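*Asks:* Below is the file work-v7.txt, with compact mmCIF, C-alpha atoms (C1' of nucleotides).
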```txt
# COMPACT_ATOMS: atom_id res chain seq x y z
CA MET X 27 -95.79 -74.17 27.36
CA HIS X 28 -92.53 -72.78 28.53
CA SER X 29 -89.47 -74.95 28.08
CA GLU X 30 -87.81 -76.02 31.31
CA THR X 31 -84.85 -73.74 30.64
CA ASP X 32 -86.94 -70.60 30.89
CA ASP X 33 -86.39 -70.00 34.55
CA VAL X 34 -82.61 -70.35 34.36
CA ARG X 35 -82.40 -66.61 33.92
CA LEU X 36 -83.43 -66.23 30.32
CA ASP X 37 -81.20 -68.98 28.98
CA PRO X 38 -77.41 -68.90 29.13
CA PRO X 39 -76.68 -67.37 25.67
CA ARG X 40 -77.02 -70.53 23.59
CA ALA X 41 -75.17 -72.90 25.87
CA GLY X 42 -77.24 -75.16 23.69
CA ARG X 43 -78.10 -77.63 26.43
CA VAL X 44 -75.39 -79.40 28.40
CA ASP X 45 -76.80 -82.66 29.72
CA ALA X 46 -75.43 -85.13 32.25
CA VAL X 47 -73.41 -87.05 29.65
CA ASP X 48 -71.85 -83.82 28.39
CA ARG X 49 -70.85 -82.88 31.93
CA LYS X 50 -69.28 -86.29 32.44
CA LEU X 51 -67.38 -85.89 29.19
CA LEU X 52 -66.18 -82.45 30.27
CA GLY X 53 -65.02 -83.89 33.58
CA LEU X 54 -63.10 -86.65 31.87
CA LEU X 55 -61.53 -84.27 29.36
CA LEU X 56 -60.54 -81.91 32.16
CA GLU X 57 -58.52 -84.69 33.72
CA ASP X 58 -57.02 -85.92 30.47
CA ALA X 59 -57.78 -84.39 27.11
CA THR X 60 -55.62 -87.00 25.35
CA LEU X 61 -58.29 -89.66 25.92
CA SER X 62 -59.43 -91.07 22.61
CA TYR X 63 -63.05 -90.79 21.56
CA ALA X 64 -63.14 -94.56 21.60
CA GLU X 65 -62.09 -94.60 25.26
CA LEU X 66 -64.48 -91.79 26.16
CA GLY X 67 -67.23 -93.74 24.45
CA ARG X 68 -66.50 -96.74 26.62
CA LEU X 69 -66.63 -94.59 29.76
CA VAL X 70 -69.99 -93.01 28.96
CA HIS X 71 -71.46 -96.01 27.13
CA LEU X 72 -71.62 -94.39 23.72
CA SER X 73 -69.98 -95.02 20.37
CA ALA X 74 -66.90 -93.07 19.32
CA PRO X 75 -68.72 -91.07 16.61
CA ALA X 76 -71.44 -90.11 19.08
CA VAL X 77 -68.85 -88.78 21.52
CA HIS X 78 -67.07 -87.02 18.71
CA GLU X 79 -70.27 -85.30 17.75
CA ARG X 80 -70.98 -84.17 21.31
CA VAL X 81 -67.49 -82.82 21.87
CA LYS X 82 -67.62 -80.98 18.56
CA LYS X 83 -70.89 -79.37 19.67
CA LEU X 84 -69.39 -78.39 23.03
CA ARG X 85 -66.54 -76.72 21.19
CA ARG X 86 -68.81 -74.86 18.82
CA ALA X 87 -71.07 -73.76 21.67
CA GLY X 88 -68.00 -72.41 23.46
CA ALA X 89 -68.34 -74.55 26.57
CA ILE X 90 -64.93 -75.93 25.62
CA ARG X 91 -62.87 -72.84 24.87
CA ARG X 92 -59.87 -74.80 23.71
CA THR X 93 -57.70 -77.81 24.32
CA THR X 94 -54.46 -76.86 26.00
CA VAL X 95 -51.60 -78.03 28.17
CA GLU X 96 -51.22 -77.16 31.84
CA LEU X 97 -47.66 -76.04 32.56
CA ASP X 98 -45.71 -76.04 35.81
CA GLY X 99 -44.73 -72.44 36.54
CA THR X 100 -42.13 -73.43 39.12
CA LEU X 101 -40.36 -75.89 36.84
CA LEU X 102 -40.34 -73.27 34.10
CA GLY X 103 -38.55 -70.81 36.34
CA ARG X 104 -41.34 -68.77 37.95
CA PRO X 105 -41.86 -70.08 41.48
CA LEU X 106 -43.18 -66.81 42.95
CA LEU X 107 -46.95 -66.51 42.60
CA SER X 108 -48.58 -63.25 43.72
CA PHE X 109 -51.80 -61.31 43.49
CA VAL X 110 -51.44 -57.60 42.89
CA GLU X 111 -54.28 -55.17 43.51
CA VAL X 112 -53.84 -51.99 41.51
CA GLU X 113 -55.41 -48.72 42.62
CA THR X 114 -55.90 -46.16 39.90
CA SER X 115 -57.27 -42.70 39.62
CA GLY X 116 -60.28 -42.99 37.38
CA TRP X 117 -61.26 -46.18 35.64
CA GLY X 118 -58.42 -48.71 35.50
CA LYS X 119 -59.08 -50.08 32.03
CA THR X 120 -56.65 -48.02 29.98
CA PRO X 121 -54.74 -49.15 26.87
CA ASP X 122 -51.52 -49.11 28.90
CA MET X 123 -53.05 -51.34 31.54
CA LEU X 124 -54.35 -53.77 28.94
CA ALA X 125 -50.92 -53.84 27.33
CA LEU X 126 -49.68 -55.60 30.47
CA ARG X 127 -51.30 -58.72 29.05
CA ALA X 128 -48.32 -59.10 26.75
CA ASP X 129 -46.09 -59.66 29.77
CA PRO X 130 -45.64 -63.41 30.27
CA ARG X 131 -45.53 -62.92 34.04
CA VAL X 132 -49.13 -61.69 34.06
CA GLU X 133 -51.59 -64.58 34.05
CA GLU X 134 -54.83 -62.88 34.95
CA MET X 135 -56.28 -59.40 34.85
CA HIS X 136 -59.70 -58.55 36.21
CA SER X 137 -61.48 -55.32 36.99
CA VAL X 138 -62.87 -55.77 40.46
CA THR X 139 -64.96 -54.31 43.24
CA GLY X 140 -63.32 -52.96 46.38
CA GLU X 141 -60.63 -50.40 46.97
CA ALA X 142 -58.56 -51.52 44.01
CA CYS X 143 -59.75 -51.23 40.43
CA VAL X 144 -57.70 -54.02 38.90
CA LEU X 145 -56.57 -57.36 40.25
CA LEU X 146 -53.61 -59.15 38.68
CA LYS X 147 -52.39 -62.68 39.15
CA VAL X 148 -48.70 -62.74 38.37
CA ARG X 149 -45.95 -65.37 38.40
CA CYS X 150 -42.36 -64.20 38.77
CA THR X 151 -38.87 -65.62 38.95
CA ASP X 152 -38.13 -64.12 42.36
CA THR X 153 -38.80 -61.03 44.45
CA ARG X 154 -36.39 -59.03 42.30
CA ASP X 155 -38.47 -59.96 39.28
CA LEU X 156 -41.69 -59.02 41.07
CA GLU X 157 -40.19 -55.66 41.98
CA ASP X 158 -39.37 -55.13 38.32
CA LEU X 159 -42.95 -55.92 37.35
CA LEU X 160 -44.28 -53.52 40.00
CA HIS X 161 -42.06 -50.80 38.55
CA ARG X 162 -43.63 -51.46 35.21
CA ILE X 163 -47.09 -51.21 36.72
CA TYR X 164 -46.30 -47.93 38.48
CA ALA X 165 -45.11 -46.52 35.17
CA ILE X 166 -48.67 -46.80 33.86
CA GLU X 167 -50.57 -43.53 33.72
CA GLY X 168 -53.11 -43.22 36.52
CA VAL X 169 -51.72 -45.90 38.83
CA LYS X 170 -51.87 -44.59 42.38
CA GLY X 171 -50.70 -47.62 44.31
CA THR X 172 -50.51 -51.39 44.55
CA ARG X 173 -50.95 -54.01 47.22
CA SER X 174 -49.25 -57.36 46.69
CA THR X 175 -50.22 -60.64 48.28
CA VAL X 176 -47.70 -63.44 47.92
CA ALA X 177 -48.77 -67.07 47.74
CA LEU X 178 -46.79 -69.22 50.16
CA GLN X 179 -48.23 -72.52 49.05
CA THR X 180 -50.84 -73.60 46.54
CA PHE X 181 -53.34 -76.24 47.60
CA LEU X 182 -55.56 -76.12 44.54
CA GLU X 183 -55.33 -74.55 41.13
CA ARG X 184 -57.66 -75.39 38.28
CA GLY X 185 -60.17 -73.92 35.86
CA PRO X 186 -63.97 -73.87 35.78
CA GLN X 187 -65.58 -77.17 36.69
CA PRO X 188 -68.47 -78.80 34.80
CA MET I 23 -25.24 -90.30 49.67
CA HIS I 24 -27.46 -87.42 48.65
CA SER I 25 -29.80 -87.77 45.73
CA GLU I 26 -29.86 -84.89 43.28
CA THR I 27 -33.17 -83.70 44.69
CA ASP I 28 -31.64 -82.69 47.99
CA ASP I 29 -30.85 -79.10 47.16
CA VAL I 30 -34.21 -77.62 46.31
CA ARG I 31 -33.08 -74.60 44.29
CA LEU I 32 -29.60 -74.58 42.72
CA ASP I 33 -31.05 -76.20 39.69
CA PRO I 34 -34.79 -76.30 39.26
CA PRO I 35 -35.40 -79.85 40.52
CA ARG I 36 -34.62 -81.76 37.33
CA ALA I 37 -36.44 -79.52 34.92
CA GLY I 38 -34.08 -81.52 32.80
CA ARG I 39 -33.19 -78.70 30.44
CA VAL I 40 -35.88 -76.82 28.54
CA ASP I 41 -34.33 -75.32 25.43
CA ALA I 42 -35.67 -72.81 22.92
CA VAL I 43 -37.37 -75.48 20.80
CA ASP I 44 -39.10 -76.91 23.88
CA ARG I 45 -40.38 -73.46 24.80
CA LYS I 46 -41.71 -72.94 21.31
CA LEU I 47 -43.45 -76.32 21.49
CA LEU I 48 -44.95 -75.40 24.85
CA GLY I 49 -46.19 -72.12 23.42
CA LEU I 50 -47.82 -73.86 20.48
CA LEU I 51 -49.40 -76.52 22.67
CA LEU I 52 -50.73 -73.85 25.02
CA GLU I 53 -52.63 -72.32 22.15
CA ASP I 54 -53.83 -75.61 20.74
CA ALA I 55 -52.99 -78.98 22.21
CA THR I 56 -54.84 -80.77 19.41
CA LEU I 57 -52.03 -79.96 16.96
CA SER I 58 -50.61 -83.15 15.53
CA TYR I 59 -46.97 -84.04 16.09
CA ALA I 60 -46.59 -83.87 12.33
CA GLU I 61 -47.83 -80.28 12.31
CA LEU I 62 -45.71 -79.31 15.31
CA GLY I 63 -42.74 -80.82 13.54
CA ARG I 64 -43.37 -78.60 10.53
CA LEU I 65 -43.57 -75.54 12.77
CA VAL I 66 -40.29 -76.20 14.58
CA HIS I 67 -38.51 -77.88 11.67
CA LEU I 68 -38.29 -81.33 13.22
CA SER I 69 -39.69 -84.75 12.37
CA ALA I 70 -42.82 -86.03 14.05
CA PRO I 71 -41.01 -88.67 16.13
CA ALA I 72 -38.53 -86.07 17.36
CA VAL I 73 -41.34 -83.81 18.53
CA HIS I 74 -43.09 -86.76 20.09
CA GLU I 75 -39.94 -87.60 22.04
CA ARG I 76 -39.54 -84.03 23.29
CA VAL I 77 -43.15 -83.70 24.39
CA LYS I 78 -42.93 -87.05 26.16
CA LYS I 79 -39.87 -85.80 28.03
CA LEU I 80 -41.61 -82.56 28.96
CA ARG I 81 -44.47 -84.59 30.37
CA ARG I 82 -42.21 -86.87 32.37
CA ALA I 83 -40.20 -83.93 33.68
CA GLY I 84 -43.46 -82.34 34.84
CA ALA I 85 -43.12 -79.16 32.79
CA ILE I 86 -46.37 -80.28 31.14
CA ARG I 87 -48.60 -81.25 34.05
CA ARG I 88 -51.35 -82.55 31.83
CA THR I 89 -53.34 -81.99 28.68
CA THR I 90 -56.72 -80.56 29.45
CA VAL I 91 -59.66 -78.57 28.14
CA GLU I 92 -60.36 -74.97 29.07
CA LEU I 93 -64.00 -74.53 29.96
CA ASP I 94 -66.19 -71.44 29.92
CA GLY I 95 -67.43 -70.87 33.46
CA THR I 96 -70.13 -68.45 32.36
CA LEU I 97 -71.60 -70.78 29.75
CA LEU I 98 -71.59 -73.60 32.29
CA GLY I 99 -73.68 -71.55 34.67
CA ARG I 100 -71.15 -69.82 36.93
CA PRO I 101 -70.78 -66.22 35.74
CA LEU I 102 -69.81 -64.77 39.14
CA LEU I 103 -66.04 -64.87 39.69
CA SER I 104 -64.74 -63.74 43.08
CA PHE I 105 -61.64 -63.83 45.23
CA VAL I 106 -62.22 -64.56 48.90
CA GLU I 107 -59.60 -63.82 51.54
CA VAL I 108 -60.11 -65.94 54.62
CA GLU I 109 -58.84 -64.85 58.00
CA THR I 110 -58.35 -67.61 60.53
CA SER I 111 -57.18 -67.92 64.08
CA GLY I 112 -54.00 -69.93 63.92
CA TRP I 113 -52.69 -71.50 60.76
CA GLY I 114 -55.33 -71.76 58.03
CA LYS I 115 -54.35 -75.12 56.63
CA THR I 116 -56.76 -77.40 58.44
CA PRO I 117 -58.38 -80.59 57.11
CA ASP I 118 -61.74 -78.79 56.99
CA MET I 119 -60.25 -75.99 54.94
CA LEU I 120 -58.60 -78.40 52.53
CA ALA I 121 -61.89 -80.25 52.17
CA LEU I 122 -63.21 -77.14 50.42
CA ARG I 123 -61.30 -78.34 47.39
CA ALA I 124 -64.06 -80.83 46.73
CA ASP I 125 -66.47 -77.96 46.11
CA PRO I 126 -66.68 -77.36 42.34
CA ARG I 127 -67.11 -73.63 42.93
CA VAL I 128 -63.62 -73.39 44.41
CA GLU I 129 -60.97 -73.13 41.71
CA GLU I 130 -57.93 -72.07 43.66
CA MET I 131 -56.71 -72.19 47.24
CA HIS I 132 -53.45 -70.62 48.36
CA SER I 133 -51.96 -69.83 51.72
CA VAL I 134 -50.80 -66.24 51.46
CA THR I 135 -49.01 -63.38 53.15
CA GLY I 136 -50.95 -60.40 54.45
CA GLU I 137 -53.86 -60.09 56.82
CA ALA I 138 -55.61 -63.14 55.48
CA CYS I 139 -54.20 -66.65 55.75
CA VAL I 140 -55.94 -68.22 52.80
CA LEU I 141 -56.94 -66.85 49.42
CA LEU I 142 -59.64 -68.55 47.38
CA LYS I 143 -60.65 -68.07 43.79
CA VAL I 144 -64.28 -69.09 43.45
CA ARG I 145 -66.82 -69.16 40.64
CA CYS I 146 -70.50 -69.10 41.56
CA THR I 147 -73.90 -69.12 39.92
CA ASP I 148 -74.98 -65.82 41.46
CA THR I 149 -74.68 -63.79 44.63
CA ARG I 150 -77.04 -66.16 46.39
CA ASP I 151 -74.69 -69.00 45.54
CA LEU I 152 -71.68 -67.01 46.75
CA GLU I 153 -73.47 -66.32 50.01
CA ASP I 154 -74.06 -70.05 50.38
CA LEU I 155 -70.37 -70.74 49.82
CA LEU I 156 -69.41 -68.08 52.37
CA HIS I 157 -71.70 -69.76 54.89
CA ARG I 158 -69.85 -72.98 54.26
CA ILE I 159 -66.53 -71.24 54.78
CA TYR I 160 -67.69 -69.63 58.02
CA ALA I 161 -68.70 -73.06 59.28
CA ILE I 162 -65.05 -74.10 59.20
CA GLU I 163 -63.38 -74.22 62.61
CA GLY I 164 -61.05 -71.27 63.17
CA VAL I 165 -62.44 -68.99 60.47
CA LYS I 166 -62.64 -65.46 61.87
CA GLY I 167 -63.70 -63.52 58.81
CA THR I 168 -63.68 -63.18 55.05
CA ARG I 169 -63.25 -60.39 52.54
CA SER I 170 -64.66 -60.94 49.09
CA THR I 171 -63.61 -59.18 45.93
CA VAL I 172 -65.90 -59.62 42.95
CA ALA I 173 -64.55 -59.61 39.41
CA LEU I 174 -66.54 -57.26 37.20
CA GLN I 175 -64.81 -58.14 33.97
CA THR I 176 -61.97 -60.45 33.01
CA PHE I 177 -59.38 -59.13 30.59
CA LEU I 178 -56.95 -62.03 30.78
CA GLU I 179 -57.07 -65.51 32.23
CA ARG I 180 -54.48 -68.16 31.49
CA GLY I 181 -51.91 -70.44 33.07
CA PRO I 182 -48.11 -70.27 33.38
CA GLN I 183 -46.35 -69.16 30.22
CA PRO I 184 -43.22 -70.79 28.72
C1' DG G 27 -30.95 -86.71 19.95
C1' DG G 28 -32.57 -86.88 15.25
C1' DT G 29 -34.27 -89.47 10.93
C1' DG G 30 -37.04 -92.44 7.82
C1' DA G 31 -40.14 -96.38 7.07
C1' DA G 32 -43.89 -99.16 8.45
C1' DA G 33 -47.71 -101.19 11.36
C1' DC G 34 -51.19 -100.12 14.06
C1' DG G 35 -55.06 -97.56 15.88
C1' DC G 36 -57.85 -93.76 15.89
C1' DT G 37 -60.45 -90.00 13.77
C1' DC G 38 -63.97 -88.53 11.13
C1' DT G 39 -67.31 -88.71 7.19
C1' DG G 40 -71.41 -90.73 5.11
C1' DG G 41 -75.29 -93.29 5.04
C1' DT G 42 -79.08 -95.56 8.10
C1' DG G 43 -82.38 -96.42 11.79
C1' DC M 25 -79.38 -88.31 18.13
C1' DA M 26 -76.90 -92.64 17.98
C1' DC M 27 -74.98 -96.36 15.28
C1' DC M 28 -72.08 -98.95 11.67
C1' DA M 29 -68.62 -99.15 8.09
C1' DG M 30 -64.72 -97.51 5.83
C1' DA M 31 -61.15 -94.38 4.09
C1' DG M 32 -57.49 -91.60 5.51
C1' DC M 33 -54.07 -90.09 8.41
C1' DG M 34 -51.55 -89.54 12.62
C1' DT M 35 -49.13 -91.91 16.19
C1' DT M 36 -45.66 -94.77 17.68
C1' DT M 37 -42.04 -98.13 17.31
C1' DC M 38 -37.99 -99.68 15.17
C1' DA M 39 -33.32 -99.76 13.14
C1' DC M 40 -29.86 -96.61 11.91
C1' DC M 41 -26.94 -92.56 12.11
```
Hey, can you dump this file as structure tokens for me?

*Replies:*
Amino acid sequence: MHSETDDVRLDPPRAGRVDAVDRKLLGLLLEDATLSYAELGRLVHLSAPAVHERVKKLRRAGAIRRTTVELDGTLLGRPLLSFVEVETSGWGKTPDMLALRADPRVEEMHSVTGEACVLLKVRCTDTRDLEDLLHRIYAIEGVKGTRSTVALQTFLERGPQP
Amino acid sequence: MHSETDDVRLDPPRAGRVDAVDRKLLGLLLEDATLSYAELGRLVHLSAPAVHERVKKLRRAGAIRRTTVELDGTLLGRPLLSFVEVETSGWGKTPDMLALRADPRVEEMHSVTGEACVLLKVRCTDTRDLEDLLHRIYAIEGVKGTRSTVALQTFLERGPQP
DNA sequence: GGTGAAACGCTCTGGTG
DNA sequence: CACCAGAGCGTTTCACC
């Protein structure tokens, strides 16, 4: 008498069951999180309180991390998007490296497989600004080198899909 | 007669003036877009209608692309984040390549400098699922090779900052 | 561009099936 | 787990400065 979620690799840590309606709600909220519960209810054929309850659950379960606004980096003065691979001696995750998160130009930081230890996604004002950021990165203890890849054009940019 | 959009840098194309209060509002909305205009007004010392007006302007100007929810890829069943560089013969931007955007595993697609032409950010269920996606990529006309970098741990992941 | 007042509509809680 | 009803409050428009 195993539940049907048993074979999903020992249960995603209390995702708490995300059914088809939930996924539709997540899709709709991804497009426009200002939709009212009343409207959402119409779109999934449920009452507003029912939708409210489901969304609240999705928040508590963590499937919805938060409600936020998506900004335009170019319009805000940072048109230069780049990916910077950072090679370090030893393990890259040092306090100095993590402190880079406070820099508004740094949007992502991952430890990764491959020749580099850390991969950064950064958005800068111009090449001068990127150079400045690279200087800051090289100042970090243990950084041996970097390899920057500049984005020429962005065809798609979004978060996790439902 | 030239419209004011003719010169594409010399003035961020009608960013329309984003002052300190706007940036503070953007910062607050980034953290929590469910904040009421009343609350935002308290935080920036303005009335609710004034805040409403500013946010509406920021939307129209495009600084705020949209209001959305941030989902947890792991909880939704895609714990494996990777970056895939795609090398192509000729220019990578083909209709087949762009069609990849319909795949929910693909979160970002940029044309980039360097050895690869296209960089993808993808989120998969597991390595088997990533392999399946790579097969799909290799099936695209003109694709010569790929190089995948797997994220071991994510220390920061967010959008453009104000 | 900001303010205050007021009407409307939505959220959100309880109680019920 | 979904629905209905209702109280409360936020949004949104208006006239005015």

*Asks:* Could you tell me how far atom C1' of DA31 of chain G lies from atom C1' of DG34 of chain M, in Å and to one decimal?

*Replies:*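 Straight-line distance from atom C1' of DA31 of chain G to atom C1' of DG34 of chain M works out to 14.4 Å.
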
*Asks:* Over all Cα atoms paired in order, how far apart are chain I and chain X after a least-squares superposition, as an RMSD in Å?

*Replies:*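 Across the paired C-alpha atoms, the RMSD reaches 3.2 Å.
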
*Asks:* Per residue of chain X within 6 Å of chain I, record the nearest atom pair and its distance in Å to one decimal, counting only C-alpha atoms, with rows in chain order and ascending residue number, as CSV.

*Replies:*
```
residue,atom,partner,partner_atom,distance
X:Ala41,CA,I:Leu97,CA,5.7
X:Leu56,CA,I:Thr90,CA,4.9
X:Asp58,CA,I:Thr90,CA,5.5
X:Ala59,CA,I:Thr90,CA,4.6
X:Ala89,CA,I:Asp94,CA,5.1
X:Ile90,CA,I:Leu93,CA,4.7
X:Arg91,CA,I:Glu92,CA,5.3
X:Arg92,CA,I:Glu92,CA,5.4
X:Thr93,CA,I:Val91,CA,4.4
X:Thr94,CA,I:Ala55,CA,4.6
X:Val95,CA,I:Thr89,CA,4.4
X:Glu96,CA,I:Arg87,CA,5.3
X:Leu97,CA,I:Ile86,CA,4.7
X:Asp98,CA,I:Ala85,CA,5.1
X:Gly99,CA,I:Pro182,CA,5.1
X:Leu101,CA,I:Ala37,CA,5.7
X:Pro130,CA,I:Gln183,CA,5.8
X:Glu133,CA,I:Arg180,CA,5.3
X:Glu134,CA,I:Glu179,CA,4.4
X:Met135,CA,I:Leu178,CA,4.9
X:His136,CA,I:Thr176,CA,4.4
X:Ser137,CA,I:Gln175,CA,5.3
X:Val138,CA,I:Ala173,CA,4.3
X:Thr139,CA,I:Val172,CA,5.4
X:Thr175,CA,I:Thr135,CA,5.7
X:Val176,CA,I:Thr135,CA,5.4
X:Ala177,CA,I:Val134,CA,4.3
X:Leu178,CA,I:Val134,CA,5.2
X:Gln179,CA,I:Ser133,CA,5.3
X:Thr180,CA,I:His132,CA,4.4
X:Phe181,CA,I:Met131,CA,5.3
X:Leu182,CA,I:Glu130,CA,4.8
X:Glu183,CA,I:Glu130,CA,4.4
X:Arg184,CA,I:Glu129,CA,5.3
X:Gly185,CA,I:Glu129,CA,6.0
X:Pro186,CA,I:Gly95,CA,5.1
X:Gln187,CA,I:Pro126,CA,5.8
```

*Asks:* Please check the contacts: residues of chain X at most 10 Å away from chain G, using all atoms listed in the file, listed as a PyMOL selection string.

*Replies:* chain X and resi 62-64+74-75+78-79

*Asks:* What is the atom CA of Val110 of chain X to atom CA of Thr172 of chain X distance in Å?

*Replies:*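 These two atoms are separated by 6.5 Å.
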
*Asks:* Could I get the residues of chain M with an atom no further than 12 Å from an atom of chain I, each paired with its nearest atom pair and that distance in Å to one decimal, using only C-alpha atoms (C1' of nucleotides), sorted by chain and residue number, as a tab-separated table?

*Replies:*
```
residue	atom	partner	partner_atom	distance
M:DC33	C1'	I:Ala60	CA	10.5
M:DG34	C1'	I:Ser58	CA	7.1
M:DT35	C1'	I:Tyr59	CA	8.2
M:DT36	C1'	I:Pro71	CA	7.8
M:DT37	C1'	I:Pro71	CA	9.6
M:DC38	C1'	I:Pro71	CA	11.5
```

*Asks:* Can I get the selection written as a tab-separated table (two decimals), in the frame of the given file, with C-alpha atoms (C1' of nucleotides)?

*Replies:*
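New file selection-v5.tsv:
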```tsv
chain	number	residue	atom	x	y	z
M	33	DC	C1'	-54.07	-90.09	8.41
M	34	DG	C1'	-51.55	-89.54	12.62
M	35	DT	C1'	-49.13	-91.91	16.19
M	36	DT	C1'	-45.66	-94.77	17.68
M	37	DT	C1'	-42.04	-98.13	17.31
M	38	DC	C1'	-37.99	-99.68	15.17
```

*Asks:* Between atom CA of Thr147 of chain I and atom CA of Met123 of chain X, measure the distance and give it in Å to one decimal.

*Replies:*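 Distance reported for this atom pair: 28.7 Å.
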
*Asks:* Would you mind listing what lies within 9 Å of Val70 of chain X as a list in words, with all atoms listed in the file counted and same-chain residues fewer than 6 positions away left out?

*Replies:* Val47, Lys50, Leu51 and Val77 of chain X

*Asks:* Restricting the calculation to all atoms listed in the file: of X:Thr120, X:Ser115, X:Asp45, X:Asp155, which residue gets closest to Arg80 of chain X?

*Replies:*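 Between X:Thr120, X:Ser115, X:Asp45, X:Asp155, the residue approaching Arg80 of chain X most closely is X:Asp45.
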
*Asks:* Kindly compute an axis-aligned box around the listed atoms of segment 143-150 of chain I, allowing 4 Å on each side, and express its centre and edge lengths in Å to one decimal as lines of an AutoDock Vina configuration file.

*Replies:*
```
center_x = -68.8
center_y = -66.5
center_z = 43.2
size_x = 24.4
size_y = 13.4
size_z = 14.5
```

*Asks:* Please provide the set of residues having any atom within 12 Å of Tyr160 of chain I, restricted to only C-alpha atoms (C1' of nucleotides), with same-chain residues fewer than 3 positions apart removed, written as number ranges by chain.

*Replies:* I: 106-110, 118-119, 122, 153-157, 163-169

*Asks:* Output C-alpha atoms of each residue in that selection to a file, as a short mmCIF file (atom, residue, chain, number, x, y, z; two decimals), in the frame of the given file.

*Replies:*
```
data_model
loop_
_atom_site.label_atom_id
_atom_site.label_comp_id
_atom_site.auth_asym_id
_atom_site.auth_seq_id
_atom_site.Cartn_x
_atom_site.Cartn_y
_atom_site.Cartn_z
CA VAL I 106 -62.22 -64.56 48.90
CA GLU I 107 -59.60 -63.82 51.54
CA VAL I 108 -60.11 -65.94 54.62
CA GLU I 109 -58.84 -64.85 58.00
CA THR I 110 -58.35 -67.61 60.53
CA ASP I 118 -61.74 -78.79 56.99
CA MET I 119 -60.25 -75.99 54.94
CA LEU I 122 -63.21 -77.14 50.42
CA GLU I 153 -73.47 -66.32 50.01
CA ASP I 154 -74.06 -70.05 50.38
CA LEU I 155 -70.37 -70.74 49.82
CA LEU I 156 -69.41 -68.08 52.37
CA HIS I 157 -71.70 -69.76 54.89
CA GLU I 163 -63.38 -74.22 62.61
CA GLY I 164 -61.05 -71.27 63.17
CA VAL I 165 -62.44 -68.99 60.47
CA LYS I 166 -62.64 -65.46 61.87
CA GLY I 167 -63.70 -63.52 58.81
CA THR I 168 -63.68 -63.18 55.05
CA ARG I 169 -63.25 -60.39 52.54
#
```
